[in-house]
Amino acid sequence: MPKSLKTFLQFAVFLGLGILIIWWTVRGFTPQQVNEIKDAMRQGNYWLLVPAMILGFASHWVRAIRWRLLFTPLGYAPKKLNTFFAVMIGYLLNLAVPRLGEVARCGVLSRYEKIPVDRLVGTMIAERAIDLLCLIILLTVTVLVQVDVVGAFVDEYIWVPLSGKFTGVPMATWGIIALGGIAFIALAAWLLRRFRHTKAGISFRNLLRGIVEGILSVGKLRGKGWFLFYTVLMWFLYFSQVYIAFWCLEETIGLGVKAALSILAFGSIGMIATQGGIGAYQYIVQQILILYGISATIGFAFGWIIWLAQTALMLVLGLGSMAAIPVYNKKSGTENP
């Protein structure tokens, strides 16, 4: 299958899933409820989104600085602006094709900072693994501090669907999967040994070595305290955006820290599930706010408000970064031909 066709199909599937979730969410709304959503969005205090978007900008900058720390053990020190531009270009491309941005940001930084792509990919994998761990911790804390509120939500939308998928799988199937995994690893090891002296084999081993070095850069960090600080700060900024956004609608002003934690934790899953989070994010935010006594219509409107603000910021910063990075590097004389 041609790469362009595969990319288009991937885009269409994730976007289609998001649109399907939107339709499924609004299909039961009455005309009166639709008018309530429109009224809520018209009456929102959108000036409060300005500080929220400033915090969003700060969170993206902190992510770039944290990623930059992982290059120190590898012997590289890319410019802060180049790292930030690469991160934002990655976010922009993720809106078009899921996970494309992760590879693209490595390619962009490699071009302008002359850092091997394989090592950049390794640091990206390490960074994302840490983010996943942070999300798991956040989800756990969110549930533990308010089991009475979000416990039913976890059971209905996460635990039951996941356990249902695995409970009915026969032991023979698990055995076949395990044997298949072992066979794949054995075949890969044999191919690497068989073709280790060929040009392709040497290139592939160098690629793997670079990726592994990038992943292990976390363990070699001398400034682990700074890495931890930036990680906590980044998630705090994410949380602050949600908390400030509560003040945009009169109905959500009274919501507190626990509600913001729930939206941040479970909403992050929605951002991963579909194209740019469209559909899934709004639905999850709606269902979470219902648990806190907010109507479905207001919850739906709030989900759209915060999603649009986040997406607009990514579009502006992403497009701005694409335009700025060649100019910045041309002036500094670091642009590669």
# chains A, B, ... in the order shown; residues from 1 in each chain; ligands from 1
>>> residues_around(residues="region 51-67 of chain A", least_positions_apart="2", cutoff="9 Å", atoms="only C-alpha atoms", output="PyMOL selection string")
chain A and resi 47-49+69-71+80-81+83-88+123-124+127+226-228+230-231+233-238+240-245+309-310+313-314+317
>>> residues_around(residues="Asn94 (chain A)", least_positions_apart="6", cutoff="7 Å", atoms="only C-alpha atoms", output="PDB file with N, CA and C atoms, in the first residue's frame")
ATOM      1  N   LEU A 100       2.138  11.047  14.053  1.00  0.00           N
ATOM      2  CA  LEU A 100       3.069  11.547  13.041  1.00  0.00           C
ATOM      3  C   LEU A 100       3.959  12.636  13.622  1.00  0.00           C
ATOM      4  N   GLY A 101       3.392  13.447  14.490  1.00  0.00           N
ATOM      5  CA  GLY A 101       4.147  14.554  15.065  1.00  0.00           C
ATOM      6  C   GLY A 101       5.323  14.115  15.903  1.00  0.00           C
ATOM      7  N   GLY A 276      -6.820  14.247  17.275  1.00  0.00           N
ATOM      8  CA  GLY A 276      -6.747  15.491  18.023  1.00  0.00           C
ATOM      9  C   GLY A 276      -7.699  15.544  19.204  1.00  0.00           C
TER      10      GLY A 276
END
>>> atom_distance(atom1="CA of Val232 (chain A)", atom2="CA of Leu261 (chain A)")
13.9 Å
>>> closest_residue(among="A:Leu135, A:Val327, A:Met322, A:Leu249", to="Phe302 (chain A)", atoms="only C-alpha atoms")
A:Leu249
>>> closest_residue(among="A:Ile294, A:Leu132, A:Val147, A:Ile269", to="Glu251 (chain A)", atoms="only C-alpha atoms")
A:Ile294
>>> atom_distance(atom1="CA of Cys134 (chain A)", atom2="CA of Phe239 (chain A)")
13.0 Å
>>> closest_residue(among="A:Glu250, A:Glu102, A:Asp131, A:Asp148", to="Asn45 (chain A)", atoms="only C-alpha atoms")
A:Glu250
>>> closest_atom_pairs(of="region 48-109 of chain A", to="region 113-117 of chain A", cutoff="10 Å", atoms="only C-alpha atoms", output="tab-separated table")
residue	atom	partner	partner_atom	distance
A:Phe71	CA	A:Ile115	CA	9.2
A:Leu74	CA	A:Ile115	CA	9.6
A:Gly75	CA	A:Ile115	CA	9.7
A:Tyr76	CA	A:Ile115	CA	7.3
A:Ala77	CA	A:Glu113	CA	8.6
A:Pro78	CA	A:Glu113	CA	5.9
A:Lys79	CA	A:Glu113	CA	7.8
A:Asn82	CA	A:Glu113	CA	7.9
A:Thr83	CA	A:Glu113	CA	9.1
A:Val103	CA	A:Val117	CA	9.0
A:Arg105	CA	A:Val117	CA	9.8
A:Cys106	CA	A:Val117	CA	6.1
A:Gly107	CA	A:Val117	CA	6.3
A:Val108	CA	A:Glu113	CA	8.5
A:Leu109	CA	A:Glu113	CA	5.7
>>> decode(residues="region 85-101 of chain A", atoms="all heavy atoms", output="short mmCIF file (atom, residue, chain, number, x, y, z; two decimals), in the first residue's frame")
data_model
loop_
_atom_site.label_atom_id
_atom_site.label_comp_id
_atom_site.auth_asym_id
_atom_site.auth_seq_id
_atom_site.Cartn_x
_atom_site.Cartn_y
_atom_site.Cartn_z
N PHE A 85 10.28 24.98 18.79
CA PHE A 85 9.67 24.95 17.46
C PHE A 85 9.39 23.51 17.03
O PHE A 85 8.32 23.22 16.48
CB PHE A 85 10.60 25.61 16.44
CG PHE A 85 10.72 27.11 16.58
CD1 PHE A 85 11.90 27.77 16.21
CD2 PHE A 85 9.68 27.86 17.08
CE1 PHE A 85 12.02 29.13 16.33
CE2 PHE A 85 9.80 29.25 17.22
CZ PHE A 85 10.97 29.88 16.84
N ALA A 86 10.32 22.61 17.28
CA ALA A 86 10.15 21.21 16.88
C ALA A 86 8.98 20.58 17.62
O ALA A 86 8.18 19.84 17.03
CB ALA A 86 11.44 20.43 17.16
N VAL A 87 8.85 20.87 18.91
CA VAL A 87 7.74 20.32 19.70
C VAL A 87 6.41 20.81 19.16
O VAL A 87 5.45 20.03 18.99
CB VAL A 87 7.90 20.71 21.18
CG1 VAL A 87 6.60 20.43 21.96
CG2 VAL A 87 9.05 19.95 21.81
N MET A 88 6.31 22.10 18.83
CA MET A 88 5.04 22.66 18.37
C MET A 88 4.70 22.16 16.96
O MET A 88 3.53 21.93 16.65
CB MET A 88 5.09 24.19 18.39
CG MET A 88 5.21 24.78 19.78
SD MET A 88 4.13 24.01 21.04
CE MET A 88 2.52 24.12 20.27
N ILE A 89 5.69 21.99 16.12
CA ILE A 89 5.44 21.42 14.79
C ILE A 89 4.93 19.99 14.94
O ILE A 89 4.04 19.54 14.22
CB ILE A 89 6.71 21.47 13.93
CG1 ILE A 89 7.05 22.93 13.58
CG2 ILE A 89 6.55 20.65 12.65
CD1 ILE A 89 8.39 23.11 12.91
N GLY A 90 5.49 19.27 15.91
CA GLY A 90 5.01 17.92 16.19
C GLY A 90 3.55 17.91 16.63
O GLY A 90 2.75 17.09 16.17
N TYR A 91 3.19 18.83 17.52
CA TYR A 91 1.79 18.93 17.96
C TYR A 91 0.87 19.23 16.79
O TYR A 91 -0.22 18.67 16.67
CB TYR A 91 1.64 20.04 19.01
CG TYR A 91 1.95 19.62 20.42
CD1 TYR A 91 2.71 20.44 21.25
CD2 TYR A 91 1.47 18.42 20.94
CE1 TYR A 91 2.99 20.07 22.56
CE2 TYR A 91 1.75 18.05 22.23
CZ TYR A 91 2.51 18.88 23.05
OH TYR A 91 2.78 18.50 24.35
N LEU A 92 1.31 20.13 15.91
CA LEU A 92 0.50 20.50 14.75
C LEU A 92 0.25 19.29 13.86
O LEU A 92 -0.89 19.06 13.43
CB LEU A 92 1.21 21.61 13.96
CG LEU A 92 0.51 22.08 12.68
CD1 LEU A 92 -0.81 22.77 13.02
CD2 LEU A 92 1.42 23.03 11.90
N LEU A 93 1.28 18.53 13.58
CA LEU A 93 1.12 17.37 12.70
C LEU A 93 0.33 16.25 13.37
O LEU A 93 -0.33 15.47 12.68
CB LEU A 93 2.51 16.87 12.26
CG LEU A 93 3.28 17.84 11.37
CD1 LEU A 93 4.64 17.28 11.00
CD2 LEU A 93 2.50 18.17 10.10
N ASN A 94 0.37 16.19 14.69
CA ASN A 94 -0.45 15.20 15.39
C ASN A 94 -1.94 15.47 15.20
O ASN A 94 -2.76 14.55 15.27
CB ASN A 94 -0.13 15.20 16.89
CG ASN A 94 1.01 14.25 17.24
OD1 ASN A 94 1.35 13.36 16.47
ND2 ASN A 94 1.60 14.45 18.40
N LEU A 95 -2.30 16.74 14.97
CA LEU A 95 -3.69 17.06 14.70
C LEU A 95 -4.14 16.49 13.35
O LEU A 95 -5.32 16.22 13.15
CB LEU A 95 -3.90 18.59 14.69
CG LEU A 95 -3.71 19.31 16.03
CD1 LEU A 95 -3.85 20.81 15.84
CD2 LEU A 95 -4.70 18.81 17.06
N ALA A 96 -3.18 16.32 12.44
CA ALA A 96 -3.51 15.80 11.11
C ALA A 96 -3.46 14.28 11.09
O ALA A 96 -4.41 13.63 10.64
CB ALA A 96 -2.53 16.36 10.08
N VAL A 97 -2.38 13.70 11.60
CA VAL A 97 -2.22 12.24 11.60
C VAL A 97 -1.69 11.82 12.97
O VAL A 97 -0.63 12.30 13.39
CB VAL A 97 -1.24 11.77 10.51
CG1 VAL A 97 -1.08 10.26 10.55
CG2 VAL A 97 -1.70 12.23 9.14
N PRO A 98 -2.42 10.96 13.70
CA PRO A 98 -1.98 10.54 15.03
C PRO A 98 -0.56 9.98 15.03
O PRO A 98 -0.19 9.19 14.17
CB PRO A 98 -3.00 9.45 15.41
CG PRO A 98 -4.20 9.75 14.58
CD PRO A 98 -3.67 10.33 13.29
N ARG A 99 0.25 10.45 16.00
CA ARG A 99 1.62 10.01 16.24
C ARG A 99 2.61 10.45 15.16
O ARG A 99 3.79 10.22 15.30
CB ARG A 99 1.70 8.47 16.41
CG ARG A 99 0.71 7.92 17.43
CD ARG A 99 1.22 8.04 18.85
NE ARG A 99 1.26 9.42 19.34
CZ ARG A 99 0.24 10.04 19.92
NH1 ARG A 99 -0.90 9.45 20.06
NH2 ARG A 99 0.37 11.26 20.37
N LEU A 100 2.14 11.05 14.05
CA LEU A 100 3.07 11.55 13.04
C LEU A 100 3.96 12.64 13.62
O LEU A 100 5.15 12.73 13.31
CB LEU A 100 2.29 12.09 11.84
CG LEU A 100 3.13 12.77 10.74
CD1 LEU A 100 4.11 11.78 10.11
CD2 LEU A 100 2.23 13.39 9.68
N GLY A 101 3.39 13.45 14.49
CA GLY A 101 4.15 14.55 15.07
C GLY A 101 5.32 14.11 15.90
O GLY A 101 6.33 14.83 15.99
#
